[in-house]
Every structure is written in structure tokens, then in C-alpha cells.
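K.L.:
This structure is in C-alpha cells; I'll ask about it shortly.
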Amino acid sequence: MRECGLPEDEVFAFLEARKAEDLAHCSILSSMCTPPHPVAVRAHCLFMETNLGDPGLFPGTAAIERRLIASLGDLYHLPEAAGYASSGGTESNIQALRIAKARRPIDRPNVVIPASSHFSFDKACGMLGVEMRTAPLDDELRMDVDGARDLVDDRTIALVGVVGTTEYGMVDPIPALAELALEHDLFLHVDAAFGGLVVPFLPDPAPFDFALPGVSSIAVDPHKMGMSTIPAGCLLVRNRELLELLNVDTPYLTVKQEYTLAGTRPGAPVAGALAVLEHLGREGLRAVVAGCMENTRRMIEGLEALGVPRAATPDVNVATSRTTTAPPGWRVSFTRRGDMRCVCMPHVTADVVEQFLVDAERFYA
Ligand SMILES: *Cc1c(COP(=O)(O)O)cnc(C)c1O
């Protein structure tokens with residue numbers, strides 16, 4: 001660290017030069033994040049100094065967090081759901097498994113997750129000392145419920161299903177998992193980090209939420225399809241008692257106990273997340289999702305027309321194709337099975353897809 005400070009101009013000249021090294025979003029097809037909606041940016045700036053870790057000092061910001069959770073609870077058919085704003089899907093998944101473990105404190109617990117689940121479950125299980133049992137997928141890359149049932153035993157504390165898998169964009173059969181959970185009194189966590197703000201806005205949404213009695217908790221990330229600023233995740237839990245299993249005493253704060261993982265928590269992205277939901281409403285989000293789904297179809301079919309077959313027919317806006325190479329200049333990613341993956345986020349407009357397909361035609365010819 002330098003001894004004498006620099007003038008602000010010099011600091012910002014340095015910062016702007018580094019920012020210019022970042023990639024422009026218009027070439028990024030590999031990310032589940034997208035530039036924030038302008039209303040999210042405006043709300044974020046307004047709440048820059050707020051700390052939800054000490055909500056008694058920021059009652060207005062805390063009311064915004066409650067309203068965000070209530071809006072999502074309403075979307076997921078349980079307006080009175082408990083929950084809070086986390087830093088993203090990873091934290092929400094860790095917290096869900098912490099609840100499951102506290103709900104049933106036994107020796108050598110295990111959880112059953114699909115082979116398609118996000119790597120955050122490796123972190124969560126490692127931290128919590130929980131055995132991770134991986135259930136196979138069916139031919140369409142959704143969790144195989146019979147395979148999951150075979151892995152459940154008397155030390156199973158939780159099941160996990162994914163709504164919008166990170167790699168292939170599939171939605172697991174949550175109704176069947178919910179029944180399995182009820183049968184064995186298991187905590188069922190639905191990882192809808194990506195799909196939680198896609199599936200409800202599809203023309204014929206697959207059931208995955210609290211309308212199914214077996215669903216215990218849902219993770220959803222406004223910083224993905226919710227177009228919020230980063231970091232904005234949410235964990236919703238069927239009832240407050242479950243969340244309060246995580247309570248610890250907080251001696252010197254304005255509240256006596258807290259169940260969150262982080263202590264200091266930013267209010268700014270929470271305000272950003274709510275601003276987008278309020279500004280767009282279900283109608284606006286339906287339009288955004290319809291556009292992303294249309295672009296996903298066009299991407300998959302456009303590549304098929306060039307002789308690159310699809311790897312899956314996704315439930316959400318993740319296009320995967322059977323190739324291990326991509327046209328130069330584009331940031332795509334590759335799945336563990338070696339398929340090319342393009343996430344058609346809102347910044348991946350119809351024009352971007354057409355430009356990609358023009359380049360793809362030259363490249364794959
Ligand atoms: C993105 C994602 C996560 C992780 O979320 P972070 O916000 O990156 O921590 C977990 N699960 C799924 C299904 C995801 O898409």
C-alpha cells in the first residue's frame with residue numbers, strides 16, 4: 001500500500017483502464033449473469049451505504065428485503081414464506097443444507113442430489129460434513145427419481161432437485177421428488193437459482209414450488225434472470241421455524257439473533273432486485289423470458305442447420321450443442337460431457353444470436 005494517497009483522477013484513470021480490459025457482454029455467451037437493468041442500478045446507488053446485517057439501523061431497507069421475499073413467496077404460491085436475501089445460489093444452498101442438518105441432528109447424515117447439480121453442493125457438503133450421494137439422470141438429463149429413491153436410507157436428511165440446471169438448463173421432476181420427500185420425512189431443497197425467475201414466466205410452467213406440500217425451501221438468484229445488481233440471491237423457506245433453527249445470538253446488534261450466514265449484508269442489490277420485479281411485473285418478466293427462450297430455440301436450431309446437433313432440448317434458456325469447438329471471438333463454455341454451452345441471457349439479443357450463427361457458418365463449414 002502506498003504511503004501518500006493519489007489524486008482521485010489518477011485513481012480513476014487506473015480503475016477505468018482495468019475496467020476496459022474486461023470483456024464486453026455482447027460476446028459473452030457463457031454467463032448466467034447479465035448487465036443489471038437500469039432500475040436496478042438506480043436503486044443500488046440509492047442504498048449504497050445500507051447494511052442489512054444490522055436491520056434496526058436500516059428499517060426501511062429491511063422492509064424492502066421483507067417485500068422482496070414476500071413477492072417471491074407470492075410467485076411461489078406461499079406469500080407467507082420465510083426467507084432472506086443471500087449473496088447468491090451458493091450461500092442459499094449452503095444454508096438450506098444447514099437447516100436440513102439442524103432439523104435432523106444425527107450421526108453421519110447424507111443428502112441425495114442429482115448428478116447435474118451445481119458445484120456449490122460440493123462446498124456445502126464438505127463444510128457441513130454431510131455425505132453427498134449423487135443420483136443418476138434420465139436420458140433427457142433430468143434427475144432419475146427411482147435412482148434417487150435407491151440412495152435414500154435412514155441417514156438421509158435431505159433431497160435436492162434443480163430447476164434450470166447450470167449445464168443443460170433442465171428442470172428436475174420436482175412433484176415426484178416432493179412425494180418421495182413426504183414419504184420419508186425428508187427436507188426437499190429446490191435449487192432454482194437460475195430457473196426460479198424463468199419457469200414461472202413460461203407459457204406452461206412445470207410445478208416446482210411451495211404449491212407442492214413436500215417442498216421445504218427454494219433458492220433463487222435475482223442476479224441472474226432477475227437482472228439485479230450482484231450479489232443478490234434469495235433463500236425461501238416454508239416456515240419461519242425452519243429458518244430459526246439457524247439462529248445464533250448477536251449480542252451487540254440492534255437484533256438479538258440472526259439466521260443469516262453473512263453478518264454484514266448489502267442492502268443495495270436487494271433494493272435493485274425488488275426494483276426490477278416492481279418495475280417489470282409478471283407481464284414484463286414474461287416478455288423477457290419469452291425473448292430469451294425464442295433466442296435459445298434459434299441458437300439450437302441455427303446450429304443444427306449447420307450440422308451441429310443439439311445436446312439437449314432445454315426447459316430454460318441454456319442452449320447446448322454437440323461440438324467441442326466454438327467460432328473465435330465468442331466466450332462460450334463447455335459442459336463436463338464436452339458439449340458447447342451458450343446461455344441466452346437478456347444481453348444475448350436476437351441480433352447477437354444471428355451474428356454468432358454467421359460466424360458459426362464460416363467456422364463449421
Ligand atoms: C448459479 C447457480 C448456483 C450458484 O449461484 P452463485 O450465485 O454463483 O453462488 C447454484 N445453483 C444453480 C442451479 C445455479 O444456476
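Quick note on naming: the chains in the C-alpha cells go A, B, ... in the order shown, residues restart at 1 in each chain, and ligands are numbered from 1 in order of appearance.
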Using only C-alpha atoms and all ligand atoms, which residues have at least one atom no more than 7 Å from ligand 1? Output them as an MDAnalysis selection string.
P.N.:
chainID A and resid 32 87:91 117:118 120 162:166 191:194 221 233
K.L.:
Env of A:Ala290: 12 Å cut, atoms = only C-alpha atoms, seq-sep filter 4 positions within chain, self excluded. Answer as an NGL selection string.
P.N.:
:A and (198-204 or 282-286 or 294-297 or 316-317 or 344-346 or 349-350)
K.L.:
Could the residues in this selection be written to a file with C-alpha atoms, as a PDB file, in the first residue's frame?
P.N.:
ATOM      1  CA  VAL A 198     -37.636 -18.251 -15.716  1.00  0.00           C
ATOM      2  CA  VAL A 199     -40.020 -21.169 -15.181  1.00  0.00           C
ATOM      3  CA  PRO A 200     -42.892 -19.165 -13.566  1.00  0.00           C
ATOM      4  CA  PHE A 201     -42.966 -16.977 -16.692  1.00  0.00           C
ATOM      5  CA  LEU A 202     -43.088 -19.785 -19.270  1.00  0.00           C
ATOM      6  CA  PRO A 203     -46.404 -20.422 -21.045  1.00  0.00           C
ATOM      7  CA  ASP A 204     -46.819 -23.843 -19.407  1.00  0.00           C
ATOM      8  CA  ARG A 282     -45.061 -10.589 -14.159  1.00  0.00           C
ATOM      9  CA  GLU A 283     -46.031  -9.176 -17.542  1.00  0.00           C
ATOM     10  CA  GLY A 284     -42.609  -7.633 -18.149  1.00  0.00           C
ATOM     11  CA  LEU A 285     -40.750 -10.716 -16.956  1.00  0.00           C
ATOM     12  CA  ARG A 286     -42.895 -12.927 -19.199  1.00  0.00           C
ATOM     13  CA  GLU A 294     -37.006 -17.725 -28.543  1.00  0.00           C
ATOM     14  CA  ASN A 295     -33.299 -16.880 -28.880  1.00  0.00           C
ATOM     15  CA  THR A 296     -32.399 -20.213 -27.280  1.00  0.00           C
ATOM     16  CA  ARG A 297     -34.530 -22.108 -29.831  1.00  0.00           C
ATOM     17  CA  VAL A 316     -34.881 -22.895 -19.713  1.00  0.00           C
ATOM     18  CA  ASN A 317     -32.650 -20.615 -21.798  1.00  0.00           C
ATOM     19  CA  CYS A 344     -29.164 -16.897 -23.872  1.00  0.00           C
ATOM     20  CA  MET A 345     -29.379 -14.168 -21.224  1.00  0.00           C
ATOM     21  CA  PRO A 346     -31.158 -10.865 -21.931  1.00  0.00           C
ATOM     22  CA  THR A 349     -30.238 -10.422 -28.156  1.00  0.00           C
ATOM     23  CA  ALA A 350     -31.654 -11.823 -31.406  1.00  0.00           C
TER      24      ALA A 350
END
K.L.:
Taking 6 positions as the minimum chain separation for residues in the same chain, which residues sit within 7 Å of A:Asn51 when counting only C-alpha atoms? Answer as a ChimeraX atom specification.
P.N.:
/A:264-267
K.L.:
Looking at A:Arg336, A:Leu235, A:Ala181, A:Leu303, which one is nearest to A:Ser321, with distances taken over only C-alpha atoms?
P.N.:
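Answer, going by the shortest atom-to-atom distance: A:Leu303.
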K.L.:
Just asking: which residues within stretch 101-275 of chain A are strand (DSSP E or B) according to DSSP, as a PyMOL selection string?
P.N.:
chain A and resi 110-114+131-135+137+143+156-163+171+187-191+217-220+233-237+248-249+257-258+266
K.L.:
Write out as a PyMOL selection string which residues come within 8 Å of A:Val255 when counting only C-alpha atoms, dropping same-chain ones fewer than 2 positions away.
P.N.:
chain A and resi 54-56+250+253+257-258
